[in-house]
Amino acid sequence: MNLSKLNQILATEPRYRADQVKRAVFFDLVEKWDEATTLPKILREKLKAECPLEIDAKIFSSQGDPTRKAVITLEDGVKIETVLMSYKSKKEDDETPRNTVCVSSEAGCSLGCVFCATGQNGFTRNLSAEEIVSQVLFFARLLKKENERVSNVVFMGMGEPFLNYEEVIKAIKILMDQKGLAIGARHLSVSTIGIPEKIEKFSHEGFQVNLALSLHAPNDELRTELAPINAKYNLKKVLHAIDDYLAKTKRKVMLEYVMIDGVNDSDFYAKELIQLIRLNIKKERQYLCLVNLIAYNQTGAFKSSPREQILKFKKILEDGGVQVTERFRFGRGIKGGCGQLTGKQKLEIRKQGRE
Ligand code: SAH
Ligand code: SF4
């Protein structure tokens with residue numbers, strides 16, 4: 001779907017037409033222009049010819065896993081991956097299902113974190129705002145058929161959102177548009193490996209979108225080994241930017257820590273992590289930091305920490321006054337878990353066949 005082309009066509013139409021078209025695409029979620037019956041036939045024909053609505057995607061799912069993955073082929077043939085995680089609340093009084101779409105912000109990633117399949121597969125190109133939004137639209141259309149909607153969007157798929165900052169912000173604004181998909185800012189989250197100047201910029205955007213920082217190590221030596229970008233933006237610089245963000249926005253930040261067996265999961269590192277937060281985040285703002293322990297999805301040489309070690313690590317942090325949560329693993333059967341996205345569909349199918 002080509003949004004820029006759409007905007008070009010609409011530029012010559014009266015304003016109310018543009019609103020009707022946006023409503024059809026982002027609110028009614030039409031998949032064919034013929035379904036947009038509020039539009040005159042002649043405009044529909046033009047849109048059909050010049051701005052097709054189809055999104056070229058293949059879906060992968062596995063039984064018993066509430067996760068579905070879409071491999072989307074973009075106009076130039078580049079493939080990206082998007083994941084839908086559906087979650088039904090166990091609380092009796094809460095009937096609202098949560099449908100979170102995990103979007104890619106780039107095709108591949110240039111940062112080469114050693115534990116991440118996306119990073120290990122290299123970088124192809126940045127995505128445009130419309131290519132980011134299309135990923136959400138694709139699942140929004142699918143969920144509509146199931147009488148549900150996309151409730152949350154996380155920028156935790158392929159790529160580093162803050163190295164494609166402008167397009168990511170544009171996409172966020174489209175996703176939040178009240179007349180369209182209307183996803184509330186608090187239901188949107190951006191995860192970054194930590195690009196200080198972009199964290200700063202983000203703090204000035206004035207919206208309540210959540211921010212997550214991929215920390216993964218409590219000292220520079222280990223973090224640089226895991227995420228080479230740390231050599232340029234070390235922990236002090238990144239956490240200084242985070243502390244500033246907290247001061248400006250008073251919003252919580254999630255510190256993500258992927259638990260890799262024998263690499264970053266020792267008791268010693270848990271204690272070092274407590275110190276890291278104490279030293280780099282002003283005392284009165286430490287309550288805004290929440291560490292999220294993520295079970296590692298195996299993609300290469302590393303293994304996930306055993307459950308007991310994750311719980312032990314968690315307890316040490318809690319005893320040290322740090323707030324901690326744990327993220328469950330979803331989507332591993334379809335290689336749709338965090339860090340497992342590569343955009344390499346062929347490999348995917350072959351591997352699925354073998355499993
Ligand atoms: N580039 C951004 C966003 C995409 S990665 C970032 O790094 O934050 C989204 C999250 O998945 C990050 O926290 C990342 O560290 C984590 N991740 C990467 N590989 C993973 C793996 N194999 N298992 C679990 N989480 C992983
Ligand atoms: Fe890129 Fe994030 Fe993967 Fe690192 S973890 S390689 S920054 S996508």
# chains A, B, ... in the order shown; residues from 1 in each chain; ligands from 1
>>> residues_near_ligand(ligand="ligand 1", cutoff="6 Å", atoms="only C-alpha atoms and all ligand atoms", output="count of residues only")
20
>>> residues_around(residues="A:Asn99", least_positions_apart="3", cutoff="12 Å", atoms="only C-alpha atoms", output="PyMOL selection string")
chain A and resi 66-68+83-89+96+102+136+139-140+142-144+146-154+183+187-188
>>> select_by_dssp(residues="stretch 67-316 of chain A", states="helix (DSSP H, G or I)", output="JSON, numbers by chain")
{"A": [117, 118, 119, 120, 129, 130, 131, 132, 133, 134, 135, 136, 137, 138, 139, 140, 141, 142, 143, 144, 161, 162, 163, 165, 166, 167, 168, 169, 170, 171, 172, 173, 174, 175, 176, 185, 186, 187, 196, 197, 198, 199, 200, 201, 202, 203, 220, 221, 222, 223, 224, 225, 226, 228, 229, 230, 231, 235, 236, 237, 238, 239, 240, 241, 242, 243, 244, 245, 246, 247, 248, 249, 267, 268, 269, 270, 271, 272, 273, 274, 275, 276, 277, 278, 279, 280, 283, 284, 285, 286, 287, 288, 307, 308, 309, 310, 311, 312, 313, 314, 315, 316]}
>>> closest_residue(among="A:Glu106, A:Glu272, A:Asp319, A:Glu54", to="ligand 2", atoms="only C-alpha atoms and all ligand atoms")
A:Glu106
>>> select_by_dssp(residues="stretch 70-120 of chain A", states="strand (DSSP E or B)", output="VMD selection string")
chain A and resid 70 to 73 79 to 87 98 to 102 106 to 108
>>> residues_around(residues="A:Val253", least_positions_apart="3", cutoff="8 Å", atoms="only C-alpha atoms", output="PyMOL selection string")
chain A and resi 210-213+242+246+288-290
>>> closest_residue(among="A:Leu39, A:Leu163, A:Ile132, A:Leu273", to="A:Ala18", atoms="only C-alpha atoms")
A:Leu39
>>> closest_residue(among="A:Ala11, A:Val190, A:Ile42, A:Met254", to="ligand 2", atoms="only C-alpha atoms and all ligand atoms")
A:Val190
>>> closest_residue(among="A:Gly336, A:Pro14, A:Pro196, A:Gly184", to="A:Val209", atoms="only C-alpha atoms")
A:Gly184
>>> closest_residue(among="A:Ser104, A:Asn2, A:Asn126, A:Thr82", to="ligand 2", atoms="only C-alpha atoms and all ligand atoms")
A:Ser104
>>> atom_distance(atom1="atom CA of A:Glu308", atom2="atom CA of A:Leu276")
23.4 Å
>>> closest_residue(among="A:Leu341, A:Ile274, A:Val25, A:Ile199", to="ligand 2", atoms="only C-alpha atoms and all ligand atoms")
A:Leu341
>>> residues_around(residues="A:Leu222", least_positions_apart="5", cutoff="9 Å", atoms="only C-alpha atoms", output="PyMOL selection string")
chain A and resi 216-217+227+263-264
>>> residues_around(residues="A:Ser266", least_positions_apart="3", cutoff="8 Å", atoms="only C-alpha atoms", output="ChimeraX atom specification")
/A:262-263,269-270,309,313
>>> residues_around(residues="A:Lys314", least_positions_apart="4", cutoff="8 Å", atoms="only C-alpha atoms", output="ChimeraX atom specification")
/A:270,293,310,318,324-325
>>> write_last_selection(atoms="all heavy atoms", output="PDB file, in the first residue's frame")
ATOM      1  N   ALA A 270      23.805  -9.323  38.869  1.00  0.00           N
ATOM      2  CA  ALA A 270      22.560  -8.759  39.417  1.00  0.00           C
ATOM      3  C   ALA A 270      22.909  -7.632  40.395  1.00  0.00           C
ATOM      4  O   ALA A 270      22.320  -6.551  40.359  1.00  0.00           O
ATOM      5  CB  ALA A 270      21.741  -9.849  40.096  1.00  0.00           C
ATOM      6  N   LEU A 293      13.123  -8.763  32.833  1.00  0.00           N
ATOM      7  CA  LEU A 293      13.985  -9.910  32.519  1.00  0.00           C
ATOM      8  C   LEU A 293      13.326 -10.728  31.410  1.00  0.00           C
ATOM      9  O   LEU A 293      12.185 -11.168  31.537  1.00  0.00           O
ATOM     10  CB  LEU A 293      14.190 -10.780  33.760  1.00  0.00           C
ATOM     11  CG  LEU A 293      14.846 -10.073  34.951  1.00  0.00           C
ATOM     12  CD1 LEU A 293      14.971 -11.023  36.137  1.00  0.00           C
ATOM     13  CD2 LEU A 293      16.220  -9.501  34.579  1.00  0.00           C
ATOM     14  N   ILE A 310      16.885 -17.233  36.599  1.00  0.00           N
ATOM     15  CA  ILE A 310      16.117 -15.999  36.317  1.00  0.00           C
ATOM     16  C   ILE A 310      15.433 -15.542  37.611  1.00  0.00           C
ATOM     17  O   ILE A 310      15.484 -14.367  37.983  1.00  0.00           O
ATOM     18  CB  ILE A 310      15.079 -16.219  35.185  1.00  0.00           C
ATOM     19  CG1 ILE A 310      15.795 -16.615  33.884  1.00  0.00           C
ATOM     20  CG2 ILE A 310      14.217 -14.968  34.986  1.00  0.00           C
ATOM     21  CD1 ILE A 310      14.895 -16.815  32.678  1.00  0.00           C
ATOM     22  N   GLU A 318      15.167  -7.387  43.427  1.00  0.00           N
ATOM     23  CA  GLU A 318      14.074  -6.943  44.315  1.00  0.00           C
ATOM     24  C   GLU A 318      14.607  -6.594  45.694  1.00  0.00           C
ATOM     25  O   GLU A 318      14.253  -5.555  46.263  1.00  0.00           O
ATOM     26  CB  GLU A 318      13.010  -8.042  44.426  1.00  0.00           C
ATOM     27  CG  GLU A 318      12.081  -8.067  43.220  1.00  0.00           C
ATOM     28  CD  GLU A 318      11.213  -9.323  43.167  1.00  0.00           C
ATOM     29  OE1 GLU A 318      11.460 -10.276  43.936  1.00  0.00           O
ATOM     30  OE2 GLU A 318      10.297  -9.354  42.328  1.00  0.00           O
ATOM     31  N   VAL A 324      11.182  -5.202  39.262  1.00  0.00           N
ATOM     32  CA  VAL A 324      11.479  -6.195  38.211  1.00  0.00           C
ATOM     33  C   VAL A 324      10.203  -6.878  37.713  1.00  0.00           C
ATOM     34  O   VAL A 324       9.310  -7.172  38.496  1.00  0.00           O
ATOM     35  CB  VAL A 324      12.368  -7.353  38.735  1.00  0.00           C
ATOM     36  CG1 VAL A 324      13.075  -8.058  37.589  1.00  0.00           C
ATOM     37  CG2 VAL A 324      13.341  -6.902  39.782  1.00  0.00           C
ATOM     38  N   THR A 325      10.149  -7.135  36.409  1.00  0.00           N
ATOM     39  CA  THR A 325       9.106  -8.020  35.866  1.00  0.00           C
ATOM     40  C   THR A 325       9.801  -9.052  34.975  1.00  0.00           C
ATOM     41  O   THR A 325      10.984  -8.926  34.680  1.00  0.00           O
ATOM     42  CB  THR A 325       8.088  -7.271  34.977  1.00  0.00           C
ATOM     43  OG1 THR A 325       8.790  -6.688  33.880  1.00  0.00           O
ATOM     44  CG2 THR A 325       7.329  -6.213  35.737  1.00  0.00           C
TER      45      THR A 325
END
>>> residues_around(residues="A:Gly206", least_positions_apart="2", cutoff="12 Å", atoms="only C-alpha atoms", output="list in words")
Ile169, Lys173, Ala185, Glu200, Lys201, Phe202, Ser203, His204, Gln208, Val209, Asn210, Tyr245, Lys248, Thr249, Lys250 and Arg251 of chain A
